[in-house]
file model.txt (compact mmCIF, C-alpha atoms)
# COMPACT_ATOMS: atom_id res chain seq x y z
CA MET A 1 -3.97 24.06 60.09
CA ASN A 2 -4.02 20.45 61.20
CA ARG A 3 -0.42 19.23 60.86
CA GLU A 4 -1.26 15.62 61.61
CA ALA A 5 -3.96 15.54 58.95
CA LEU A 6 -1.54 16.94 56.36
CA ALA A 7 1.20 14.45 57.30
CA LEU A 8 -1.34 11.62 57.12
CA GLU A 9 -2.46 12.66 53.64
CA MET A 10 1.14 12.76 52.39
CA ARG A 11 2.13 9.45 53.93
CA GLY A 12 -1.16 7.90 52.81
CA LEU A 13 -0.49 8.89 49.21
CA ARG A 14 2.99 7.33 49.30
CA GLU A 15 1.54 4.11 50.71
CA GLN A 16 -1.40 4.08 48.32
CA VAL A 17 0.51 4.48 45.03
CA THR A 18 3.43 2.15 44.35
CA GLY A 19 6.51 3.98 43.11
CA ILE A 20 6.17 7.30 44.98
CA THR A 21 9.52 8.08 46.60
CA ASP A 22 9.04 11.60 48.00
CA THR A 23 6.32 14.23 48.47
CA ALA A 24 6.31 17.88 49.50
CA VAL A 25 3.66 20.56 49.99
CA ALA A 26 4.56 24.23 49.62
CA ALA A 27 2.87 27.61 49.37
CA ALA A 28 2.46 28.94 45.83
CA ASP A 29 5.36 31.36 46.44
CA GLY A 30 7.72 28.43 47.11
CA LEU A 31 7.78 28.47 50.92
CA LEU A 32 7.94 24.87 52.12
CA ILE A 33 5.05 23.75 54.35
CA ALA A 34 5.68 20.01 54.71
CA SER A 35 8.03 17.48 53.21
CA ASP A 36 8.31 13.71 53.17
CA THR A 37 11.62 13.51 51.32
CA ALA A 38 14.77 11.41 51.42
CA GLU A 39 17.98 12.84 52.90
CA SER A 40 19.42 13.30 49.42
CA ILE A 41 16.75 15.83 48.43
CA ASP A 42 16.70 19.43 49.62
CA PRO A 43 13.01 20.07 50.28
CA GLU A 44 13.35 23.88 50.34
CA GLY A 45 15.02 23.88 46.93
CA LEU A 46 12.43 21.45 45.61
CA ALA A 47 9.61 23.72 46.81
CA ALA A 48 11.21 26.75 45.12
CA LEU A 49 11.70 24.86 41.85
CA ALA A 50 8.12 23.60 41.97
CA ALA A 51 6.75 27.11 42.51
CA ALA A 52 8.77 28.49 39.60
CA GLY A 53 7.80 25.61 37.30
CA LEU A 54 4.11 25.71 38.17
CA GLY A 55 4.04 29.51 37.85
CA LEU A 56 5.40 29.25 34.34
CA ALA A 57 2.99 26.44 33.45
CA ARG A 58 0.05 28.42 34.84
CA ARG A 59 1.00 31.45 32.76
CA THR A 60 1.31 29.21 29.71
CA THR A 61 -2.14 27.66 30.18
CA GLU A 62 -3.59 31.14 30.68
CA ALA A 63 -1.83 32.63 27.66
CA THR A 64 -2.96 29.77 25.43
CA ALA A 65 -6.49 29.55 26.88
CA ARG A 66 -6.02 25.93 28.08
CA GLY A 67 -8.20 26.45 31.13
CA VAL A 68 -7.18 25.81 34.72
CA LEU A 69 -3.73 24.27 35.24
CA ARG A 70 -3.89 20.78 36.77
CA GLN A 71 -0.33 19.46 36.84
CA THR A 72 3.02 19.32 35.13
CA VAL A 73 5.28 16.28 34.94
CA ALA A 74 9.03 16.21 34.33
CA TYR A 75 10.22 12.85 32.97
CA GLY A 76 13.75 11.61 33.59
CA SER A 77 15.47 8.33 32.76
CA HIS A 78 15.28 7.31 36.44
CA GLY A 79 11.78 8.48 37.24
CA CYS A 80 9.58 11.53 37.18
CA ALA A 81 8.55 14.59 39.16
CA ALA A 82 4.87 15.61 39.15
CA PHE A 83 3.83 19.10 40.25
CA TYR A 84 0.21 19.77 41.21
CA ALA A 85 -1.54 23.04 41.94
CA VAL A 86 -3.47 23.01 45.24
CA GLY A 87 -6.06 25.72 44.59
CA ASP A 88 -4.25 28.93 43.74
CA THR A 89 -2.35 29.32 47.00
CA ALA A 90 -0.33 26.11 47.33
CA LEU A 91 1.25 23.22 45.43
CA MET A 92 2.28 19.63 45.89
CA VAL A 93 5.29 17.81 44.44
CA VAL A 94 5.38 14.03 44.01
CA LEU A 95 8.60 12.27 43.00
CA GLY A 96 8.47 8.72 41.68
CA ASP A 97 10.76 6.04 40.31
CA GLU A 98 10.54 4.22 36.97
CA GLY A 99 7.77 1.95 38.23
CA LEU A 100 5.35 4.75 39.11
CA ASP A 101 2.09 4.48 37.15
CA LEU A 102 1.29 8.11 36.38
CA GLU A 103 -2.34 7.47 35.46
CA ARG A 104 -2.88 5.88 38.83
CA LEU A 105 -0.98 8.68 40.53
CA HIS A 106 -3.18 11.36 38.94
CA ARG A 107 -6.32 9.42 39.91
CA ALA A 108 -5.16 9.03 43.52
CA THR A 109 -3.90 12.59 43.76
CA ARG A 110 -7.08 14.41 42.72
CA PRO A 111 -9.14 13.65 45.86
CA ALA A 112 -6.02 14.02 48.03
CA LEU A 113 -5.42 17.50 46.60
CA ASP A 114 -8.94 18.60 47.53
CA ARG A 115 -8.44 17.38 51.07
CA ILE A 116 -4.98 18.98 51.35
CA GLY A 117 -6.47 22.24 50.00
CA SER A 118 -9.09 22.28 52.76
CA ILE A 119 -6.51 21.38 55.43
CA LEU A 120 -4.32 24.29 54.32
CA THR A 121 -7.07 26.87 54.10
CA GLU A 122 -8.94 25.96 57.26
CA LYS A 123 -8.81 28.62 59.94
CA THR A 124 -6.21 28.27 62.66
CA THR A 125 -7.88 27.27 65.90
CA GLU A 126 -5.06 25.85 68.02
CA GLY A 127 -2.52 28.60 67.56
CA VAL A 128 -0.35 26.53 65.22
CA MET B 1 -0.37 -20.27 50.71
CA ALA B 2 -2.85 -20.24 53.56
CA ASP B 3 -0.30 -19.05 56.11
CA VAL B 4 1.05 -16.27 53.86
CA ARG B 5 -2.20 -14.48 53.12
CA ASP B 6 -5.28 -13.36 54.92
CA ALA B 7 -8.71 -14.37 53.62
CA LEU B 8 -9.03 -11.26 51.43
CA GLY B 9 -5.61 -11.83 49.87
CA ARG B 10 -6.52 -15.43 49.18
CA VAL B 11 -9.67 -14.36 47.33
CA GLY B 12 -7.62 -11.95 45.19
CA TYR B 13 -5.04 -14.60 44.41
CA ASP B 14 -7.71 -17.14 43.43
CA ARG B 15 -9.36 -14.57 41.19
CA LEU B 16 -6.06 -13.83 39.43
CA ALA B 17 -5.11 -17.49 39.04
CA HIS B 18 -8.56 -18.28 37.67
CA ALA B 19 -8.57 -15.35 35.21
CA LEU B 20 -5.07 -16.09 33.95
CA MET B 21 -5.71 -19.78 33.49
CA ALA B 22 -9.00 -19.04 31.71
CA CYS B 23 -6.97 -16.87 29.29
CA GLY B 24 -4.68 -19.86 28.73
CA HIS B 25 -7.55 -22.25 28.03
CA ALA B 26 -9.16 -19.76 25.64
CA GLU B 27 -5.81 -19.26 23.87
CA PHE B 28 -6.37 -15.57 24.42
CA THR B 29 -4.18 -13.00 22.67
CA GLY B 30 -4.10 -9.62 24.40
CA GLU B 31 -3.65 -8.14 27.84
CA LEU B 32 -4.98 -9.21 31.23
CA ARG B 33 -4.95 -6.06 33.33
CA VAL B 34 -4.78 -6.64 37.08
CA SER B 35 -6.00 -3.86 39.37
CA GLY B 36 -4.79 -3.76 42.95
CA ARG B 37 -1.61 -2.89 44.71
CA PRO B 38 0.84 -2.93 42.97
CA GLY B 39 -1.26 -4.58 40.24
CA GLY B 40 0.07 -4.81 36.71
CA ALA B 41 -0.59 -6.55 33.41
CA PHE B 42 0.05 -9.88 31.71
CA HIS B 43 0.41 -9.95 27.93
CA LEU B 44 -0.60 -13.21 26.27
CA ARG B 45 -0.15 -14.66 22.83
CA ASP B 46 -2.27 -17.72 21.98
CA GLY B 47 -2.77 -18.42 25.65
CA LEU B 48 0.91 -18.13 26.66
CA VAL B 49 2.27 -15.24 28.72
CA VAL B 50 4.91 -13.39 26.67
CA ALA B 51 5.35 -10.37 28.95
CA ALA B 52 4.29 -9.05 32.33
CA GLU B 53 4.75 -5.64 33.83
CA SER B 54 3.99 -4.18 37.24
CA PRO B 55 4.80 -1.03 39.21
CA GLY B 56 6.03 -3.54 41.82
CA ALA B 57 8.90 -4.96 39.76
CA PRO B 58 11.64 -3.37 37.61
CA GLY B 59 11.14 -3.84 33.88
CA PRO B 60 13.96 -5.00 31.59
CA ASP B 61 14.89 -1.40 30.74
CA VAL B 62 15.34 -0.56 34.45
CA LEU B 63 17.43 -3.71 34.94
CA LEU B 64 19.80 -2.52 32.19
CA LEU B 65 19.83 1.21 32.96
CA ARG B 66 20.17 1.01 36.74
CA THR B 67 23.06 -1.43 36.60
CA ASP B 68 25.08 0.93 34.37
CA ARG B 69 25.22 -1.52 31.48
CA ILE B 70 24.19 1.41 29.33
CA ASP B 71 23.84 5.09 30.21
CA ALA B 72 20.64 7.07 29.82
CA GLU B 73 21.87 9.24 26.93
CA ARG B 74 22.93 6.29 24.81
CA TRP B 75 19.65 4.58 25.65
CA ALA B 76 17.71 7.62 24.45
CA GLU B 77 19.79 7.57 21.25
CA LEU B 78 18.90 3.90 20.63
CA VAL B 79 15.23 4.58 21.32
CA ARG B 80 15.30 7.39 18.71
CA GLU B 81 17.02 5.12 16.18
CA SER B 82 14.38 2.43 16.67
CA ASP B 83 11.51 4.89 16.04
CA GLY B 84 10.64 5.36 19.69
CA ALA B 85 10.44 1.68 20.69
CA ARG B 86 10.56 1.32 24.48
CA TRP B 87 12.74 -1.77 24.19
CA PRO B 88 15.33 -1.22 21.41
CA ALA B 89 16.56 -4.84 21.47
CA ALA B 90 17.98 -5.00 17.93
CA GLU B 91 19.94 -1.76 18.39
CA LEU B 92 21.28 -2.90 21.79
CA VAL B 93 22.68 -6.05 20.18
CA ALA B 94 23.93 -4.27 17.02
CA ARG B 95 25.86 -1.72 19.09
CA GLY B 96 27.32 -4.40 21.34
CA TYR B 97 25.70 -3.27 24.62
CA ALA B 98 24.30 -6.73 25.22
CA GLY B 99 24.14 -10.12 23.59
CA ALA B 100 20.85 -11.38 22.15
CA ALA B 101 20.81 -14.28 24.65
CA GLN B 102 21.50 -11.92 27.53
CA LEU B 103 18.55 -9.70 26.54
CA ARG B 104 16.28 -12.74 26.33
CA VAL B 105 17.31 -13.74 29.84
CA VAL B 106 16.68 -10.20 31.13
CA CYS B 107 13.18 -10.24 29.59
CA VAL B 108 12.30 -13.65 31.07
CA MET B 109 13.57 -12.53 34.49
CA ALA B 110 11.53 -9.33 34.31
CA LEU B 111 8.42 -11.30 33.29
CA GLN B 112 8.70 -13.73 36.21
CA ASP B 113 9.56 -10.95 38.63
CA ALA B 114 6.50 -8.92 37.60
CA ALA B 115 4.32 -12.01 38.05
CA PHE B 116 5.79 -12.45 41.55
CA ALA B 117 5.13 -8.78 42.42
CA ILE B 118 1.51 -8.99 41.25
CA VAL B 119 0.88 -12.26 43.13
CA ALA B 120 2.62 -10.98 46.29
CA GLY B 121 0.45 -7.86 46.34
CA ARG B 122 -3.27 -7.23 46.60
CA VAL B 123 -5.44 -8.22 43.65
CA ASP B 124 -8.73 -6.32 43.33
CA GLY B 125 -9.82 -7.46 39.88
CA CYS B 126 -8.80 -8.64 36.43
CA GLU B 127 -9.91 -7.33 33.06
CA ARG B 128 -9.12 -8.50 29.54
CA VAL B 129 -8.02 -5.80 27.11
CA ALA B 130 -7.45 -6.48 23.43
CA GLY B 131 -5.32 -4.58 20.96
CA THR B 132 -2.33 -3.68 23.14
CA GLU B 133 1.22 -4.80 22.44
CA PRO B 134 3.90 -5.56 25.03
CA HIS B 135 7.13 -3.63 24.56
CA ALA B 136 9.55 -6.41 25.52
CA PRO B 137 7.94 -9.82 24.79
CA VAL B 138 9.80 -13.09 25.17
CA ALA B 139 10.03 -15.41 22.16
CA VAL B 140 8.68 -18.49 23.95
CA GLY B 141 5.74 -17.73 26.22
CA GLU B 142 5.14 -19.20 29.67
CA PRO B 143 2.07 -21.31 30.44
CA PRO B 144 -0.11 -19.24 32.84
CA ALA B 145 -0.52 -22.06 35.39
CA ARG B 146 3.22 -22.56 35.75
CA LEU B 147 3.86 -18.82 36.03
CA VAL B 148 1.32 -18.30 38.81
CA GLN B 149 2.39 -21.42 40.71
CA ASP B 150 6.02 -20.35 40.48
CA ALA B 151 5.17 -16.91 41.89
CA ALA B 152 3.10 -18.44 44.70
CA ARG B 153 5.94 -20.85 45.54
CA LYS B 154 8.37 -17.92 45.82
CA LEU B 155 5.98 -16.08 48.13
CA ALA B 156 5.62 -19.17 50.31
CA ALA B 157 9.41 -19.56 50.42
CA LEU B 158 9.75 -15.96 51.63
CA ALA B 159 7.25 -16.63 54.41
CA THR B 160 9.37 -19.50 55.74
CA LEU B 161 12.50 -17.33 56.21
CA PRO B 162 13.47 -16.48 59.81
CA TYR B 163 12.56 -12.81 59.20
CA PRO B 164 9.76 -12.91 56.62
CA VAL B 165 9.56 -9.76 54.53
CA ARG B 166 6.99 -8.57 51.98
CA PRO B 167 8.17 -6.55 48.98
CA ASP B 168 6.09 -3.49 49.89
CA ARG B 169 5.82 -3.66 53.68
CA GLU B 170 9.08 -3.34 55.63
CA ARG B 171 11.20 -0.20 55.33
CA PRO B 172 14.57 -1.26 56.78
CA LEU B 173 17.41 0.84 58.16
CA PRO B 174 21.10 -0.09 58.42
CA GLY B 175 21.74 -1.94 61.67
CA ALA B 176 24.76 -1.62 63.98
CA PRO B 177 28.00 -2.54 62.14
CA THR B 178 28.68 -6.26 62.51
CA GLY B 179 32.18 -6.37 61.04
CA ARG B 180 31.23 -9.37 58.94
CA PRO B 181 31.94 -9.29 55.20
CA LEU B 182 29.12 -8.29 52.85
CA THR B 183 28.44 -9.33 49.29
CA GLU B 184 28.30 -6.70 46.57
CA LEU B 185 24.48 -6.72 46.54
CA GLN B 186 24.35 -6.51 50.34
CA GLN B 187 26.67 -3.49 50.29
CA GLU B 188 24.45 -1.78 47.74
CA LEU B 189 21.29 -2.51 49.72
CA LEU B 190 22.92 -1.26 52.91
CA ALA B 191 23.90 1.96 51.15
CA HIS B 192 20.36 2.65 49.97
CA ALA B 193 18.31 1.39 52.94
CA ASP B 194 17.20 4.58 54.67
CA GLY B 195 14.07 3.59 56.57
CA ARG B 196 11.91 4.96 53.74
CA ARG B 197 12.50 2.36 51.02
CA THR B 198 10.78 -1.00 50.83
CA ALA B 199 12.40 -4.06 49.22
CA ARG B 200 10.53 -3.10 46.05
CA ASP B 201 11.95 0.47 46.16
CA LEU B 202 15.45 -0.93 46.75
CA ALA B 203 15.05 -3.30 43.78
CA PHE B 204 14.33 -0.34 41.48
CA ARG B 205 17.20 1.64 43.00
CA VAL B 206 19.82 -1.07 42.45
CA GLY B 207 18.32 -2.52 39.25
CA ARG B 208 17.80 -6.06 40.52
CA GLY B 209 14.75 -8.29 40.61
CA VAL B 210 12.28 -7.57 43.40
CA TYR B 211 12.23 -11.24 44.50
CA THR B 212 16.03 -11.37 44.72
CA VAL B 213 16.14 -8.15 46.72
CA THR B 214 13.28 -9.14 49.03
CA VAL B 215 15.03 -12.43 49.90
CA GLU B 216 18.30 -10.58 50.50
CA VAL B 217 16.60 -7.95 52.68
CA ALA B 218 14.99 -10.76 54.72
CA ARG B 219 18.39 -12.40 55.21
CA MET B 220 20.05 -9.13 56.16
CA LEU B 221 17.29 -8.38 58.69
CA ALA B 222 17.73 -11.83 60.20
CA GLU B 223 21.50 -11.37 60.41
CA GLY B 224 21.34 -7.87 61.87
CA PHE B 225 22.80 -5.98 58.89
CA LEU B 226 19.46 -4.23 58.60
CA GLU B 227 16.77 -3.46 61.14
CA CYS B 228 13.22 -2.18 61.02
CA ALA B 229 12.07 0.89 62.91
CA PRO B 230 8.93 0.10 64.92
CA THR B 231 7.06 3.10 63.52
CA PRO B 232 7.57 5.08 60.33
CA ALA B 233 9.47 8.37 60.63
CA GLU B 234 7.39 11.44 61.34
CA ILE B 235 6.87 13.74 58.36
CA PRO B 236 8.16 17.13 59.42
CA VAL B 237 5.37 19.63 58.82
CA ARG B 238 6.75 23.12 58.67
CA LEU B 239 4.76 26.30 58.62
CA PRO B 240 5.90 29.52 56.98
CA PRO B 241 6.93 32.04 59.65
CA GLU B 242 4.24 34.53 60.76
CA VAL B 243 1.55 32.89 58.68
CA GLY B 244 -0.48 30.27 60.52
CA ALA B 245 -1.71 28.57 57.37
CA VAL B 246 -2.01 29.25 53.70
CA ARG B 247 -5.19 31.21 53.17
CA HIS B 248 -6.67 33.59 50.74
CA ARG B 249 -5.29 37.08 51.08
CA GLU B 250 -7.37 39.61 53.02
CA PRO B 251 -9.10 41.97 50.59
CA PRO B 252 -6.91 45.06 50.00
CA PRO B 253 -8.02 48.36 51.63
CA GLU B 254 -10.60 50.41 49.71
CA PRO B 255 -8.97 53.02 47.42
CA PRO B 256 -9.95 56.69 48.15
CA PRO B 257 -13.14 57.68 46.28
CA ALA B 258 -12.46 59.28 42.91
CA PRO B 259 -13.79 62.91 42.65
CA THR B 260 -16.76 63.19 40.35
CA VAL B 261 -16.57 67.01 39.68
CA LEU B 262 -13.51 69.18 39.23
CA PRO B 263 -12.78 71.55 42.17
CA ARG B 264 -13.85 75.16 41.57
CA ARG B 265 -11.04 77.69 41.70
CA GLU B 266 -11.64 80.70 43.88
CA PRO B 267 -9.82 83.97 43.23
CA GLY B 268 -7.12 84.73 45.77
CA ALA B 269 -7.24 81.26 47.26
CA SER B 270 -3.58 80.63 46.56
CA GLY B 271 -2.43 83.96 48.13
CA ILE B 272 -0.23 84.76 45.11
CA THR B 273 -1.83 88.20 44.58
CA GLU B 274 -0.81 89.28 48.05
CA ALA B 275 2.74 88.06 47.60
CA LEU B 276 3.17 90.15 44.45
CA ALA B 277 1.39 93.27 45.78
CA PRO B 278 3.68 96.35 46.23
CA SER B 279 4.72 97.00 49.79
CA LYS B 280 3.43 100.26 51.25
CA HIS B 281 6.82 101.55 52.33
CA GLY B 282 9.10 100.38 49.56
CA THR B 283 9.93 102.28 46.36
CA SER B 284 7.93 101.55 43.27
CA TRP B 285 8.72 102.11 39.62
CA ARG B 286 6.63 105.27 39.75
CA GLY B 287 8.82 106.66 42.57
CA PHE B 288 11.92 105.73 40.61
CA PHE B 289 10.86 107.76 37.52
CA ARG B 290 9.87 110.66 39.71
CA LEU B 291 13.29 110.72 41.36
CA ARG B 292 15.04 110.60 38.00
CA HIS B 293 12.89 113.46 36.67
CA GLN B 294 13.75 115.66 39.65
CA ALA B 295 17.51 114.98 39.16
CA ALA B 296 17.30 116.12 35.51
CA GLU B 297 15.69 119.39 36.52
call {"tool": "encode", "arguments": {"input": "model.txt", "output": "structure tokens"}}
result
Amino acid sequence: MNREALALEMRGLREQVTGITDTAVAAADGLLIASDTAESIDPEGLAALAAAGLGLARRTTEATARGVLRQTVAYGSHGCAAFYAVGDTALMVVLGDEGLDLERLHRATRPALDRIGSILTEKTTEGV
Amino acid sequence: MADVRDALGRVGYDRLAHALMACGHAEFTGELRVSGRPGGAFHLRDGLVVAAESPGAPGPDVLLLRTDRIDAERWAELVRESDGARWPAAELVARGYAGAAQLRVVCVMALQDAAFAIVAGRVDGCERVAGTEPHAPVAVGEPPARLVQDAARKLAALATLPYPVRPDRERPLPGAPTGRPLTELQQELLAHADGRRTARDLAFRVGRGVYTVTVEVARMLAEGFLECAPTPAEIPVRLPPEVGAVRHREPPPEPPPAPTVLPRREPGASGITEALAPSKHGTSWRGFFRLRHQAAE
């Protein structure tokens, strides 16, 4: 896995979409892979919560025949947390403040998710 | 303006100014959507701008909620009471959370601040959209020309400061303690500056206008209260132990082949007949009866 490429994707997303405050990428079982989060946020806990939430959402879409799960969003009075499935082996969390335009976030995230998916699944060549 | 922007930024600004002023001349009613970064939207009524919103500037609801003038639960209650309106102005006044004049001022400030954020950013294009309604319009609209010129003047003023800052560029950190007294806003900004937040992010965090916060951040950088790291912090990329990367699981081992015919049982295969066979030297039931018969005789 190319760590630099993953870090670049995460930082690029934060710089591309106004209002993103934190991002994290984790395996589907909740093990943290990479985090770009503020001190006040525990990235390991965030990854575990995201895995649990996405697992439940995936089961719900399956049980109700809604097709393939794309994302879930939790809305709070001070911002939102968006959870995206990266294939069926990983996930990405994006936290944003009140100014975050979710439509724009979803548009920007889709191609980024494809690239992050290929970065994560590519074969290890450098022993990382 | 020429010294503040590069050629591309200048083209974007001209496009926005032209589109907005054309809306004014046409006495347009509707929305002028601005794509770019942060981009945003102007809402016009008969050619006057009555509201503006942008991801780059806190809206009036953020200005109220983030400054603890009203808490989130009470806000949600008011929104419910006003049938889901995003800006429950009448309820805010009726319940005494704010005066009507105060709310008008907040809306005007948010409008001008959004215009500043859009002008200070990158403008890719403008598009007129009809049939949308702003959620917090002001009663008396602003002429588009004055609004854009005001925003451009603010941007030019920022560029003349000793440490010029853009709302979405610098990500300051607290500097070495100076021992000099700080204003309330400066203390708040110092508390939230973590090397990750831009002036725009700080404005949302403290619930103040993005122009006000950008000017304050520029002053604090010039005075040494804040400083900018030369390069952004590295994103720590961790890998799960033992696993080099997330990958599809290896296919599980093949299960043993299921038997197609039942095994044939062969007599004596289990050895049970030998175990139950009478031993050659031991007494059998026949011997027992014989012994008994002899005793009776």
call {"tool": "closest_residue", "arguments": {"input": "model.txt", "among": "B:Leu32, B:Ala218, B:Ala51, B:Leu190", "to": "Ala176 in chain B", "atoms": "all atoms listed in the file"}}
result
B:Leu190
call {"tool": "atom_distance", "arguments": {"input": "model.txt", "atom1": "CA of Leu63 in chain B", "atom2": "CA of Asp14 in chain B"}}
result
29.7 Å
call {"tool": "closest_residue", "arguments": {"input": "model.txt", "among": "A:Met1, A:Ala108, A:Val86, A:Ala57", "to": "Thr72 in chain A", "atoms": "all atoms listed in the file"}}
result
A:Ala57
call {"tool": "interface_residues", "arguments": {"input": "model.txt", "of": "chain A", "to": "chain B", "cutoff": "7 Å", "atoms": "only C-alpha atoms", "output": "ChimeraX atom specification"}}
result
/A:1,3,7,18-19,27,31-36,77,89,99-101,120-121,124,128
call {"tool": "residues_around", "arguments": {"input": "model.txt", "residues": "Ala52 in chain B", "least_positions_apart": "4", "cutoff": "10 Å", "atoms": "all atoms listed in the file", "output": "list in words"}}
result
Glu31, Leu32, Arg33, Gly40, Ala41, Phe42, His43, Leu44, Ala57, Gly59, Cys107, Val108, Ala110, Leu111, Gln112, Asp113, Ala114, Ala115, Phe116, Ile118, Pro134, His135, Ala136, Pro137 and Val138 of chain B
call {"tool": "write_last_selection", "arguments": {"input": "model.txt", "atoms": "C-alpha atoms", "output": "mmCIF file, in the coordinates of the input"}}
result
data_model
loop_
_atom_site.group_PDB
_atom_site.id
_atom_site.type_symbol
_atom_site.label_atom_id
_atom_site.label_comp_id
_atom_site.auth_asym_id
_atom_site.auth_seq_id
_atom_site.Cartn_x
_atom_site.Cartn_y
_atom_site.Cartn_z
ATOM 1 C CA GLU B 31 -3.650 -8.140 27.840
ATOM 2 C CA LEU B 32 -4.980 -9.210 31.230
ATOM 3 C CA ARG B 33 -4.950 -6.060 33.330
ATOM 4 C CA GLY B 40 0.070 -4.810 36.710
ATOM 5 C CA ALA B 41 -0.590 -6.550 33.410
ATOM 6 C CA PHE B 42 0.050 -9.880 31.710
ATOM 7 C CA HIS B 43 0.410 -9.950 27.930
ATOM 8 C CA LEU B 44 -0.600 -13.210 26.270
ATOM 9 C CA ALA B 57 8.900 -4.960 39.760
ATOM 10 C CA GLY B 59 11.140 -3.840 33.880
ATOM 11 C CA CYS B 107 13.180 -10.240 29.590
ATOM 12 C CA VAL B 108 12.300 -13.650 31.070
ATOM 13 C CA ALA B 110 11.530 -9.330 34.310
ATOM 14 C CA LEU B 111 8.420 -11.300 33.290
ATOM 15 C CA GLN B 112 8.700 -13.730 36.210
ATOM 16 C CA ASP B 113 9.560 -10.950 38.630
ATOM 17 C CA ALA B 114 6.500 -8.920 37.600
ATOM 18 C CA ALA B 115 4.320 -12.010 38.050
ATOM 19 C CA PHE B 116 5.790 -12.450 41.550
ATOM 20 C CA ILE B 118 1.510 -8.990 41.250
ATOM 21 C CA PRO B 134 3.900 -5.560 25.030
ATOM 22 C CA HIS B 135 7.130 -3.630 24.560
ATOM 23 C CA ALA B 136 9.550 -6.410 25.520
ATOM 24 C CA PRO B 137 7.940 -9.820 24.790
ATOM 25 C CA VAL B 138 9.800 -13.090 25.170
#
call {"tool": "atom_distance", "arguments": {"input": "model.txt", "atom1": "CA of Gly96 in chain A", "atom2": "CA of Gly117 in chain A"}}
result
21.8 Å
call {"tool": "closest_residue", "arguments": {"input": "model.txt", "among": "B:Val261, B:Leu189, B:Leu221, B:Glu27", "to": "Gly175 in chain B", "atoms": "all atoms listed in the file"}}
result
B:Leu221
call {"tool": "residues_near_point", "arguments": {"input": "model.txt", "point": "(-10.7, 19.1, 46.3)", "cutoff": "12 Å", "atoms": "only C-alpha atoms", "output": "PyMOL selection string"}}
result
chain A and resi 70+85-87+108-121
call {"tool": "build_atoms", "arguments": {"input": "model.txt", "residues": "range 113-123 of chain A", "atoms": "N, CA, C and O atoms", "output": "PDB file, in the frame of the given file"}}
result
ATOM      1  N   LEU A 113      -5.683  16.071  46.752  1.00  0.00           N
ATOM      2  CA  LEU A 113      -5.420  17.500  46.600  1.00  0.00           C
ATOM      3  C   LEU A 113      -6.564  18.333  47.186  1.00  0.00           C
ATOM      4  O   LEU A 113      -6.332  19.361  47.833  1.00  0.00           O
ATOM      5  N   ASP A 114      -7.791  17.878  46.966  1.00  0.00           N
ATOM      6  CA  ASP A 114      -8.940  18.600  47.530  1.00  0.00           C
ATOM      7  C   ASP A 114      -8.859  18.620  49.049  1.00  0.00           C
ATOM      8  O   ASP A 114      -9.079  19.651  49.680  1.00  0.00           O
ATOM      9  N   ARG A 115      -8.512  17.449  49.604  1.00  0.00           N
ATOM     10  CA  ARG A 115      -8.440  17.380  51.070  1.00  0.00           C
ATOM     11  C   ARG A 115      -7.293  18.228  51.595  1.00  0.00           C
ATOM     12  O   ARG A 115      -7.438  18.950  52.589  1.00  0.00           O
ATOM     13  N   ILE A 116      -6.135  18.187  50.909  1.00  0.00           N
ATOM     14  CA  ILE A 116      -4.980  18.980  51.350  1.00  0.00           C
ATOM     15  C   ILE A 116      -5.318  20.466  51.240  1.00  0.00           C
ATOM     16  O   ILE A 116      -4.989  21.258  52.125  1.00  0.00           O
ATOM     17  N   GLY A 117      -6.040  20.839  50.179  1.00  0.00           N
ATOM     18  CA  GLY A 117      -6.470  22.240  50.000  1.00  0.00           C
ATOM     19  C   GLY A 117      -7.306  22.692  51.177  1.00  0.00           C
ATOM     20  O   GLY A 117      -7.094  23.779  51.731  1.00  0.00           O
ATOM     21  N   SER A 118      -8.250  21.842  51.628  1.00  0.00           N
ATOM     22  CA  SER A 118      -9.090  22.280  52.760  1.00  0.00           C
ATOM     23  C   SER A 118      -8.298  22.285  54.055  1.00  0.00           C
ATOM     24  O   SER A 118      -8.530  23.136  54.904  1.00  0.00           O
ATOM     25  N   ILE A 119      -7.336  21.364  54.207  1.00  0.00           N
ATOM     26  CA  ILE A 119      -6.510  21.380  55.430  1.00  0.00           C
ATOM     27  C   ILE A 119      -5.712  22.681  55.489  1.00  0.00           C
ATOM     28  O   ILE A 119      -5.611  23.327  56.534  1.00  0.00           O
ATOM     29  N   LEU A 120      -5.179  23.094  54.339  1.00  0.00           N
ATOM     30  CA  LEU A 120      -4.320  24.290  54.320  1.00  0.00           C
ATOM     31  C   LEU A 120      -5.103  25.579  54.518  1.00  0.00           C
ATOM     32  O   LEU A 120      -4.601  26.533  55.104  1.00  0.00           O
ATOM     33  N   THR A 121      -6.329  25.611  54.029  1.00  0.00           N
ATOM     34  CA  THR A 121      -7.070  26.870  54.100  1.00  0.00           C
ATOM     35  C   THR A 121      -7.954  26.972  55.332  1.00  0.00           C
ATOM     36  O   THR A 121      -8.504  28.031  55.595  1.00  0.00           O
ATOM     37  N   GLU A 122      -8.061  25.862  56.083  1.00  0.00           N
ATOM     38  CA  GLU A 122      -8.940  25.960  57.260  1.00  0.00           C
ATOM     39  C   GLU A 122      -8.351  26.918  58.279  1.00  0.00           C
ATOM     40  O   GLU A 122      -7.128  27.061  58.419  1.00  0.00           O
ATOM     41  N   LYS A 123      -9.230  27.588  58.993  1.00  0.00           N
ATOM     42  CA  LYS A 123      -8.810  28.620  59.940  1.00  0.00           C
ATOM     43  C   LYS A 123      -8.018  28.003  61.094  1.00  0.00           C
ATOM     44  O   LYS A 123      -8.327  26.908  61.565  1.00  0.00           O
TER      45      LYS A 123
END
